[in-house]
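Here is the structure we will look at, set down as structure tokens.
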Amino acid sequence: MSNVEKLRADLKALNSEYAKIKTLPPEERGEFGRMMNQKKQKLLVEIERAEAEAESSNVEALDISAPSAPNQPIPVIKRGTRHPLMTELDRVIQVYSDMGFDVMESRQLDDEFHMFDSLNFPVGHPARDGYDTFRTAEGFIPPAHTSTMQHRALKKYKSKLENGGQIAVVVPGRVFRNEDVDATHEHTFYQCEGVFVSQDATMGQMFGVLKHFFEAYYGQKLKIKTQPGYFPFTEPSAELLIEKPASLGGKGGDWLEMLGCGMIHPNVLKTAGIDPAKYHGFAWGGGIDRLAMLKYGLNDVRYFESGKLDFLEEF
Ligand code: DAH
């Protein structure tokens, strides 16, 4: 019998004792009644307390001073991981920063002037088709390449050219193409643009910078070569290739095209207010996705934008 049940039984017995009052002489009945009432009050208080106690003991007690058992499991807390391309972008920026380049942020919506005119694309020229992307109803353009930032970079840093200084800047950014998507083509990817201007910039310096970049990024010596290219904003223009190294699965003679580059066209310098008779520059731009695919041996660029967690969590 629980404490509460015992007290309730006592109360019942007490109640039945009241009947005794009739058997008592009248002068004793008052005293008896008072005594019985006192006992009853006391019992009622005790019952209330016992009930409260019984209730609280139903709640499981947490003993915070108890020692922890050796094998209590800790759940794996899933918080997501950083996107691998963001990590690669950081590494790319780090290599260029270590070489002394400034870093400028790109934008995800641009205009006709920065996309084409400032880059020496003549109106109606077929070269525009290669960069034909999307347009908002207001006529803004999600940039097809980070070169849309060249004009801004030149203007922002051109005061550095005074007194024999240089413009040295890289611009990482997200770009968008009107593309038939397959294992090697994505509609959305990342690029990094580079711009260098000085009184005596040369193509030789450009290849030096790029070779150093690739060797630092992949952490090994690499072979590079170039082939002619065409971009309206550079003259001459080139494409830079690296030989896939054995450590990354290359069998010798596998050449991979990594970026486009060239000497900045005089019209691009002039439009930004830089005198092409006094200053020369080189520029380049290439995909981050491509760099990362070679580094990690991936053969499908679509994984990056796929939202496939089992893929993304591997990094
Ligand atoms: N923007 C070009 C592309 O995405 C790549 C490129 C070529 C960038 C030559 C440059 C350059 O800065 O000088 O196809």
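As shown in the structure tokens, the chain order sets the letters A, B, ...; within each chain, residues go from 1, and ligands are also counted from 1 in the order they appear.
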
**Q.** Which of region 84-199 of chain A fall in alpha helix (DSSP H), as a count of residues only
**A.** 28

Each residue of chain A with at least one atom at most 9 Å from ligand 1 should appear once, together with its nearest atom pair and the corresponding distance in Å (one decimal); atoms considered: only C-alpha atoms and all ligand atoms; ordering: chain, then increasing residue number; output as JSON lines.
{"residue": "A:Gly130", "atom": "CA", "partner": "ligand 1", "partner_atom_place_in_ligand_line": "14 (O)", "distance": 8.3}
{"residue": "A:Tyr131", "atom": "CA", "partner": "ligand 1", "partner_atom_place_in_ligand_line": "14 (O)", "distance": 8.0}
{"residue": "A:Ala144", "atom": "CA", "partner": "ligand 1", "partner_atom_place_in_ligand_line": "4 (O)", "distance": 7.0}
{"residue": "A:His145", "atom": "CA", "partner": "ligand 1", "partner_atom_place_in_ligand_line": "4 (O)", "distance": 4.6}
{"residue": "A:Thr146", "atom": "CA", "partner": "ligand 1", "partner_atom_place_in_ligand_line": "1 (N)", "distance": 6.1}
{"residue": "A:Ser147", "atom": "CA", "partner": "ligand 1", "partner_atom_place_in_ligand_line": "1 (N)", "distance": 4.9}
{"residue": "A:Thr148", "atom": "CA", "partner": "ligand 1", "partner_atom_place_in_ligand_line": "1 (N)", "distance": 8.0}
{"residue": "A:Gln150", "atom": "CA", "partner": "ligand 1", "partner_atom_place_in_ligand_line": "12 (O)", "distance": 7.5}
{"residue": "A:Val175", "atom": "CA", "partner": "ligand 1", "partner_atom_place_in_ligand_line": "4 (O)", "distance": 8.8}
{"residue": "A:Gln191", "atom": "CA", "partner": "ligand 1", "partner_atom_place_in_ligand_line": "4 (O)", "distance": 7.6}
{"residue": "A:Cys192", "atom": "CA", "partner": "ligand 1", "partner_atom_place_in_ligand_line": "8 (C)", "distance": 8.7}
{"residue": "A:Glu193", "atom": "CA", "partner": "ligand 1", "partner_atom_place_in_ligand_line": "12 (O)", "distance": 5.7}
{"residue": "A:Gly194", "atom": "CA", "partner": "ligand 1", "partner_atom_place_in_ligand_line": "12 (O)", "distance": 6.2}
{"residue": "A:Val195", "atom": "CA", "partner": "ligand 1", "partner_atom_place_in_ligand_line": "12 (O)", "distance": 6.9}
{"residue": "A:Gly229", "atom": "CA", "partner": "ligand 1", "partner_atom_place_in_ligand_line": "7 (C)", "distance": 8.3}
{"residue": "A:Tyr230", "atom": "CA", "partner": "ligand 1", "partner_atom_place_in_ligand_line": "9 (C)", "distance": 8.0}
{"residue": "A:Phe231", "atom": "CA", "partner": "ligand 1", "partner_atom_place_in_ligand_line": "9 (C)", "distance": 5.9}
{"residue": "A:Pro232", "atom": "CA", "partner": "ligand 1", "partner_atom_place_in_ligand_line": "9 (C)", "distance": 8.5}
{"residue": "A:Phe233", "atom": "CA", "partner": "ligand 1", "partner_atom_place_in_ligand_line": "13 (O)", "distance": 6.4}
{"residue": "A:Thr234", "atom": "CA", "partner": "ligand 1", "partner_atom_place_in_ligand_line": "13 (O)", "distance": 5.3}
{"residue": "A:Glu235", "atom": "CA", "partner": "ligand 1", "partner_atom_place_in_ligand_line": "13 (O)", "distance": 8.6}
{"residue": "A:Ser237", "atom": "CA", "partner": "ligand 1", "partner_atom_place_in_ligand_line": "9 (C)", "distance": 6.5}
{"residue": "A:Ala238", "atom": "CA", "partner": "ligand 1", "partner_atom_place_in_ligand_line": "9 (C)", "distance": 7.2}
{"residue": "A:Glu239", "atom": "CA", "partner": "ligand 1", "partner_atom_place_in_ligand_line": "7 (C)", "distance": 7.6}
{"residue": "A:Leu259", "atom": "CA", "partner": "ligand 1", "partner_atom_place_in_ligand_line": "5 (C)", "distance": 6.2}
{"residue": "A:Gly260", "atom": "CA", "partner": "ligand 1", "partner_atom_place_in_ligand_line": "7 (C)", "distance": 3.6}
{"residue": "A:Cys261", "atom": "CA", "partner": "ligand 1", "partner_atom_place_in_ligand_line": "9 (C)", "distance": 3.6}
{"residue": "A:Gly262", "atom": "CA", "partner": "ligand 1", "partner_atom_place_in_ligand_line": "13 (O)", "distance": 4.6}
{"residue": "A:Met263", "atom": "CA", "partner": "ligand 1", "partner_atom_place_in_ligand_line": "13 (O)", "distance": 6.6}
{"residue": "A:Ile264", "atom": "CA", "partner": "ligand 1", "partner_atom_place_in_ligand_line": "13 (O)", "distance": 6.3}
{"residue": "A:His265", "atom": "CA", "partner": "ligand 1", "partner_atom_place_in_ligand_line": "13 (O)", "distance": 8.7}
{"residue": "A:Phe282", "atom": "CA", "partner": "ligand 1", "partner_atom_place_in_ligand_line": "13 (O)", "distance": 6.5}
{"residue": "A:Ala283", "atom": "CA", "partner": "ligand 1", "partner_atom_place_in_ligand_line": "13 (O)", "distance": 4.0}
{"residue": "A:Trp284", "atom": "CA", "partner": "ligand 1", "partner_atom_place_in_ligand_line": "12 (O)", "distance": 3.5}
{"residue": "A:Gly285", "atom": "CA", "partner": "ligand 1", "partner_atom_place_in_ligand_line": "8 (C)", "distance": 3.7}
{"residue": "A:Gly286", "atom": "CA", "partner": "ligand 1", "partner_atom_place_in_ligand_line": "5 (C)", "distance": 5.9}
{"residue": "A:Gly287", "atom": "CA", "partner": "ligand 1", "partner_atom_place_in_ligand_line": "4 (O)", "distance": 7.8}

**Q.** Non-local contacts of Met258 (chain A) (12 Å; only C-alpha atoms; under 6 positions in same chain excluded) as an MDAnalysis selection string
**A.** chainID A and resid 191:192 210:211 213:214 224:227 238:244 284:294

Dump as a tab-separated table (two decimals), in the first residue's frame, selection limited to C-alpha atoms:
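Printed below is selection-v1.tsv as written:
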chain	number	residue	atom	x	y	z
A	191	GLN	CA	36.66	31.09	-63.43
A	192	CYS	CA	39.60	33.15	-62.30
A	210	LEU	CA	51.08	30.85	-65.45
A	211	LYS	CA	53.67	28.08	-65.21
A	213	PHE	CA	50.69	29.16	-60.85
A	214	PHE	CA	50.02	25.64	-62.15
A	224	ILE	CA	53.35	23.66	-70.49
A	225	LYS	CA	52.79	24.55	-74.13
A	226	THR	CA	50.66	27.05	-76.00
A	227	GLN	CA	48.60	27.07	-79.14
A	238	ALA	CA	46.79	31.96	-77.01
A	239	GLU	CA	45.55	28.89	-75.21
A	240	LEU	CA	47.72	27.38	-72.53
A	241	LEU	CA	47.99	23.61	-72.11
A	242	ILE	CA	49.66	21.51	-69.45
A	243	GLU	CA	50.81	17.94	-69.82
A	244	LYS	CA	48.83	15.70	-67.51
A	284	TRP	CA	44.20	35.28	-68.80
A	285	GLY	CA	41.13	33.42	-67.62
A	286	GLY	CA	40.39	29.78	-66.90
A	287	GLY	CA	37.92	27.49	-65.17
A	288	ILE	CA	38.28	26.44	-61.56
A	289	ASP	CA	36.11	23.36	-62.14
A	290	ARG	CA	38.60	22.11	-64.70
A	291	LEU	CA	41.53	22.59	-62.33
A	292	ALA	CA	39.72	20.67	-59.60
A	293	MET	CA	38.61	17.86	-61.93
A	294	LEU	CA	42.20	17.12	-62.89

Q.
as a list in words, please: the residues near Pro84 (chain A) (cut-off 12 Å, only C-alpha atoms, same-chain neighbours under 6 positions excluded).
A.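 That gives Asp90, Arg91, Tyr190, Ile288, Asp289, Leu291, Ala292, Met293, Lys295, Tyr296, Tyr303, Phe304, Glu305, Gly307, Leu309, Phe311, Leu312, Glu313, Glu314 and Phe315 of chain A.
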
Q: Compare A:Thr184, A:Gln94, A:Thr23, A:Ser2 by their minimum atom-to-atom distance to Asp300 (chain A), counting only C-alpha atoms, and give me the closest one.
A: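 Distance minimum relative to Asp300 (chain A) lands on A:Thr184.
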